[in-house]
>>> print(open('coords00.cif').read())   # mmCIF, C-alpha atoms
data_model
#
loop_
_atom_site.label_atom_id
_atom_site.label_comp_id
_atom_site.auth_asym_id
_atom_site.auth_seq_id
_atom_site.Cartn_x
_atom_site.Cartn_y
_atom_site.Cartn_z
CA MET E 4 -40.67 -182.14 6.77
CA LYS E 5 -39.34 -179.49 9.16
CA VAL E 6 -36.63 -176.84 9.01
CA SER E 7 -35.14 -175.07 12.02
CA SER E 8 -32.34 -172.62 12.67
CA LYS E 9 -30.41 -171.93 15.86
CA ALA E 10 -29.80 -168.45 14.42
CA ILE E 11 -33.35 -167.55 15.49
CA VAL E 12 -33.67 -166.79 19.21
CA ASN E 13 -37.10 -165.79 20.56
CA GLY E 14 -38.34 -165.23 17.02
CA GLU E 15 -35.44 -162.99 15.96
CA PHE E 16 -32.29 -163.66 13.98
CA GLU E 17 -29.21 -162.89 16.05
CA ASP E 18 -27.37 -159.67 15.18
CA LYS E 19 -24.30 -161.44 13.79
CA TYR E 20 -26.23 -162.69 10.74
CA GLY E 21 -27.02 -159.21 9.43
CA LYS E 22 -25.91 -155.62 9.30
CA ARG E 23 -25.02 -155.56 13.03
CA GLY E 24 -22.58 -158.42 12.56
CA ASN E 25 -18.86 -158.19 12.01
CA GLN E 26 -18.29 -160.09 8.76
CA PHE E 27 -18.93 -158.42 5.40
CA SER E 28 -18.09 -158.95 1.75
CA PRO E 29 -15.65 -156.50 0.09
CA SER E 30 -18.55 -154.23 -0.95
CA GLY E 31 -20.24 -154.32 2.46
CA MET E 32 -22.78 -157.16 2.21
CA PRO E 33 -23.32 -158.97 5.57
CA SER E 34 -21.85 -162.42 4.91
CA TYR E 35 -21.94 -164.45 8.14
CA SER E 36 -24.48 -167.10 7.16
CA ILE E 37 -27.14 -168.75 9.28
CA PRO E 38 -27.08 -172.41 10.27
CA PHE E 39 -30.10 -174.63 9.66
CA GLU E 40 -31.26 -178.22 9.96
CA ILE E 41 -33.77 -180.24 7.97
CA GLU E 42 -35.74 -183.10 9.53
CA ASP E 43 -38.15 -185.71 8.23
CA ALA E 44 -37.44 -185.25 4.52
CA PRO E 45 -39.73 -187.39 2.37
CA GLU E 46 -38.58 -190.68 0.92
CA GLY E 47 -37.10 -190.19 -2.52
CA THR E 48 -35.44 -186.86 -1.71
CA LYS E 49 -32.28 -186.50 -3.82
CA SER E 50 -31.45 -182.88 -3.01
CA PHE E 51 -32.73 -179.74 -1.34
CA ALA E 52 -33.16 -176.22 -2.66
CA VAL E 53 -33.12 -173.34 -0.19
CA VAL E 54 -34.41 -169.77 -0.41
CA LEU E 55 -33.99 -167.09 2.26
CA GLU E 56 -36.20 -164.15 1.38
CA ASP E 57 -37.65 -160.94 2.77
CA LYS E 58 -41.13 -160.17 1.48
CA ASP E 59 -41.29 -157.12 3.76
CA ALA E 60 -38.58 -155.55 1.58
CA ILE E 61 -41.38 -154.57 -0.80
CA SER E 62 -42.13 -151.64 1.52
CA ALA E 63 -38.60 -150.25 0.98
CA SER E 64 -37.45 -151.53 -2.42
CA GLY E 65 -40.62 -152.45 -4.27
CA PHE E 66 -39.76 -156.17 -4.56
CA VAL E 67 -39.04 -159.30 -2.54
CA TRP E 68 -35.37 -159.39 -1.51
CA THR E 69 -33.62 -162.75 -1.90
CA HIS E 70 -30.83 -163.17 0.66
CA TRP E 71 -29.62 -166.68 -0.12
CA LEU E 72 -30.19 -169.28 -2.82
CA ILE E 73 -28.92 -172.86 -2.59
CA SER E 74 -29.41 -175.76 -4.97
CA ASP E 75 -28.18 -179.35 -4.92
CA LEU E 76 -27.81 -179.54 -1.15
CA LYS E 77 -27.53 -183.26 -0.39
CA ARG E 78 -27.25 -183.16 3.40
CA THR E 79 -29.66 -182.16 6.13
CA SER E 80 -27.69 -179.48 7.92
CA VAL E 81 -25.66 -176.41 7.04
CA ALA E 82 -23.31 -175.00 9.67
CA GLU E 83 -23.00 -171.39 10.72
CA ASN E 84 -20.93 -169.29 8.27
CA GLU E 85 -20.66 -172.21 5.84
CA SER E 86 -21.73 -170.11 2.85
CA ILE E 87 -18.17 -168.84 2.40
CA SER E 88 -16.50 -172.26 2.54
CA ALA E 89 -18.88 -175.02 1.42
CA THR E 90 -18.15 -176.67 -1.91
CA ASP E 91 -20.75 -179.45 -1.88
CA PHE E 92 -23.77 -177.32 -2.84
CA THR E 93 -24.37 -174.57 -5.40
CA GLN E 94 -25.18 -170.98 -4.43
CA GLY E 95 -27.14 -168.58 -6.58
CA ALA E 96 -27.00 -164.80 -6.83
CA ASN E 97 -28.87 -162.93 -4.13
CA THR E 98 -30.61 -159.59 -4.62
CA TRP E 99 -27.55 -157.64 -3.46
CA ALA E 100 -26.24 -158.28 -7.01
CA SER E 101 -29.09 -156.59 -8.81
CA ALA E 102 -30.53 -154.03 -6.42
CA LEU E 103 -27.62 -151.84 -5.39
CA GLY E 104 -25.48 -151.80 -8.52
CA LYS E 105 -22.14 -152.20 -6.74
CA PHE E 106 -22.09 -155.97 -6.30
CA GLU E 107 -20.85 -158.31 -9.01
CA ILE E 108 -22.61 -161.67 -9.41
CA GLU E 109 -19.58 -163.51 -7.99
CA GLU E 110 -19.60 -161.48 -4.77
CA ALA E 111 -23.36 -161.89 -4.36
CA SER E 112 -23.42 -165.65 -5.03
CA PHE E 113 -23.22 -166.31 -1.31
CA TYR E 114 -25.35 -165.58 1.74
CA GLY E 115 -26.24 -161.87 1.81
CA GLY E 116 -27.41 -161.02 5.28
CA MET E 117 -30.24 -158.96 6.65
CA ALA E 118 -30.15 -155.16 6.53
CA PRO E 119 -33.69 -153.79 6.70
CA PRO E 120 -33.67 -150.02 6.03
CA ASN E 121 -37.04 -149.01 7.40
CA ASN E 122 -38.46 -151.28 10.12
CA ARG E 123 -38.52 -154.85 11.44
CA HIS E 124 -38.71 -157.34 8.55
CA ARG E 125 -39.66 -161.02 8.49
CA TYR E 126 -37.23 -163.41 6.83
CA GLU E 127 -38.44 -166.76 5.55
CA LEU E 128 -36.06 -169.68 5.19
CA ILE E 129 -37.83 -172.04 2.79
CA VAL E 130 -36.45 -175.52 2.08
CA TYR E 131 -37.70 -177.64 -0.81
CA ALA E 132 -37.16 -181.42 -0.91
CA LEU E 133 -36.61 -182.42 -4.53
CA ASP E 134 -36.72 -185.74 -6.35
CA THR E 135 -33.76 -184.69 -8.52
CA VAL E 136 -30.48 -182.81 -8.60
CA LEU E 137 -30.87 -179.54 -10.51
CA ASP E 138 -27.28 -178.97 -11.70
CA LEU E 139 -27.73 -175.20 -11.90
CA PRO E 140 -24.57 -173.13 -12.43
CA ARG E 141 -23.07 -171.03 -9.63
CA GLY E 142 -24.68 -167.58 -9.68
CA PHE E 143 -28.06 -168.82 -10.90
CA ARG E 144 -30.99 -166.47 -10.36
CA PHE E 145 -34.18 -167.15 -8.42
CA ASN E 146 -36.28 -167.53 -11.58
CA GLU E 147 -33.93 -170.25 -12.85
CA LEU E 148 -34.31 -172.12 -9.55
CA HIS E 149 -38.08 -171.65 -9.56
CA PHE E 150 -38.56 -173.10 -13.03
CA ALA E 151 -35.99 -175.90 -12.56
CA MET E 152 -37.89 -177.13 -9.47
CA GLN E 153 -41.24 -177.38 -11.27
CA GLY E 154 -42.57 -180.93 -11.07
CA HIS E 155 -39.78 -182.01 -8.68
CA VAL E 156 -40.91 -180.68 -5.28
CA LEU E 157 -41.75 -183.52 -2.88
CA ASP E 158 -42.32 -181.27 0.13
CA SER E 159 -41.34 -177.90 1.56
CA ALA E 160 -40.88 -176.38 4.99
CA CYS E 161 -40.36 -172.87 6.26
CA VAL E 162 -39.10 -171.12 9.37
CA VAL E 163 -39.49 -167.38 9.95
CA GLY E 164 -37.43 -164.97 12.02
CA THR E 165 -37.29 -161.19 12.20
CA TYR E 166 -34.46 -158.65 12.07
CA ASP E 167 -34.86 -155.01 13.03
CA VAL E 168 -33.37 -151.75 11.83
#
>>> encode(input="coords00.cif", output="structure tokens")
Amino acid sequence: MKVSSKAIVNGEFEDKYGKRGNQFSPSGMPSYSIPFEIEDAPEGTKSFAVVLEDKDAISASGFVWTHWLISDLKRTSVAENESISATDFTQGANTWASALGKFEIEEASFYGGMAPPNNRHRYELIVYALDTVLDLPRGFRFNELHFAMQGHVLDSACVVGTYDV
């Protein structure tokens, strides 16, 4: 299985998908979501789960920052900026909801773009092919996704891009 994103050019996410973009949630979270495509999913795949995370955030915040959570995706592509309009997959709460204190779960249950505070960070878009549909509620947390996927992952794929201060 493979995942790719046209949002990554020469190894870097384009400015519009993060803090140098021009679309933000009411409390200031970058909200213009990245597009991606999935290829060669294994036979028996019933849905995909998606995690966009920044492990380099540990240097600034002390923990991995989750930028986007998706469950029950049943198609192999997501268009640019589709986080704000798609109704055929479920989105979980990103770290903007818990780390800064000013974001409600509802506002942070979308794509929350890149905004590294200290240096260039690497962002991993990880897609999991699952043999089931998870039926998680909107606003689910990463731990709920993690445990719901146990025993259901057929394959996974990852693409990495960077975003600078």
>>> closest_atom_pairs(input="coords00.cif", of="stretch 148-168 of chain E", to="stretch 37-51 of chain E", cutoff="12 Å", atoms="only C-alpha atoms", output="Markdown table")
| residue | atom | partner | partner_atom | distance |
| --- | --- | --- | --- | --- |
| E:Leu148 | CA | E:Phe51 | CA | 11.3 |
| E:Met152 | CA | E:Phe51 | CA | 10.0 |
| E:His155 | CA | E:Thr48 | CA | 9.5 |
| E:Val156 | CA | E:Thr48 | CA | 9.0 |
| E:Leu157 | CA | E:Pro45 | CA | 6.8 |
| E:Asp158 | CA | E:Pro45 | CA | 7.0 |
| E:Ser159 | CA | E:Ala44 | CA | 8.8 |
| E:Ala160 | CA | E:Ile41 | CA | 8.6 |
| E:Cys161 | CA | E:Ile41 | CA | 10.0 |
| E:Val162 | CA | E:Phe39 | CA | 9.7 |
| E:Val163 | CA | E:Phe39 | CA | 11.9 |
| E:Gly164 | CA | E:Ile37 | CA | 11.3 |
>>> atom_distance(input="coords00.cif", atom1="atom CA of E:Ser64", atom2="atom CA of E:Asn97")
14.4 Å
>>> resolve_selection(input="coords00.cif", expression="the PyMOL selection byres ((chain E and resi 105-119) around 6)", output="list in words")
Tyr20, Gly21, Lys22, Met32, Pro33, Ser34, Ser36, His70, Trp71, Ser86, Gln94, Gly95, Ala96, Asn97, Ala100, Leu103, Gly104, Pro120, Asn121, Gly142 and Val168 of chain E
>>> atom_distance(input="coords00.cif", atom1="atom CA of E:Pro140", atom2="atom CA of E:Lys58")
25.2 Å
>>> residues_around(input="coords00.cif", residues="E:Leu139", least_positions_apart="3", cutoff="12 Å", atoms="all atoms listed in the file", output="list in words")
Ala52, Leu72, Ile73, Ser74, Asp75, Leu76, Phe92, Thr93, Gln94, Gly95, Ala96, Thr135, Val136, Gly142, Phe143, Arg144, Phe145, Asn146, Glu147, Leu148, His149, Phe150, Ala151 and Met152 of chain E
>>> closest_residue(input="coords00.cif", among="E:Gly31, E:Tyr166, E:Ala82, E:Val53", to="E:Val12", atoms="all atoms listed in the file")
E:Tyr166
>>> closest_residue(input="coords00.cif", among="E:Ser80, E:Ser88, E:Thr165, E:Thr69", to="E:Glu17", atoms="only C-alpha atoms")
E:Thr165
>>> atom_distance(input="coords00.cif", atom1="atom CA of E:His124", atom2="atom CA of E:Ala60")
7.2 Å
>>> closest_residue(input="coords00.cif", among="E:Glu83, E:Asp18, E:Asp57, E:Asp91", to="E:Arg141", atoms="only C-alpha atoms")
E:Asp91
>>> axis_aligned_box(input="coords00.cif", around="stretch 55-74 of chain E", padding_each_side="5 Å", output="JSON")
{"center_x": -35.5, "center_y": -163.0, "center_z": -0.6, "size_x": 23.2, "size_y": 35.5, "size_z": 18.7}
>>> closest_residue(input="coords00.cif", among="E:Asn122, E:Thr79, E:Thr90, E:Ser101", to="E:Val6", atoms="only C-alpha atoms")
E:Thr79
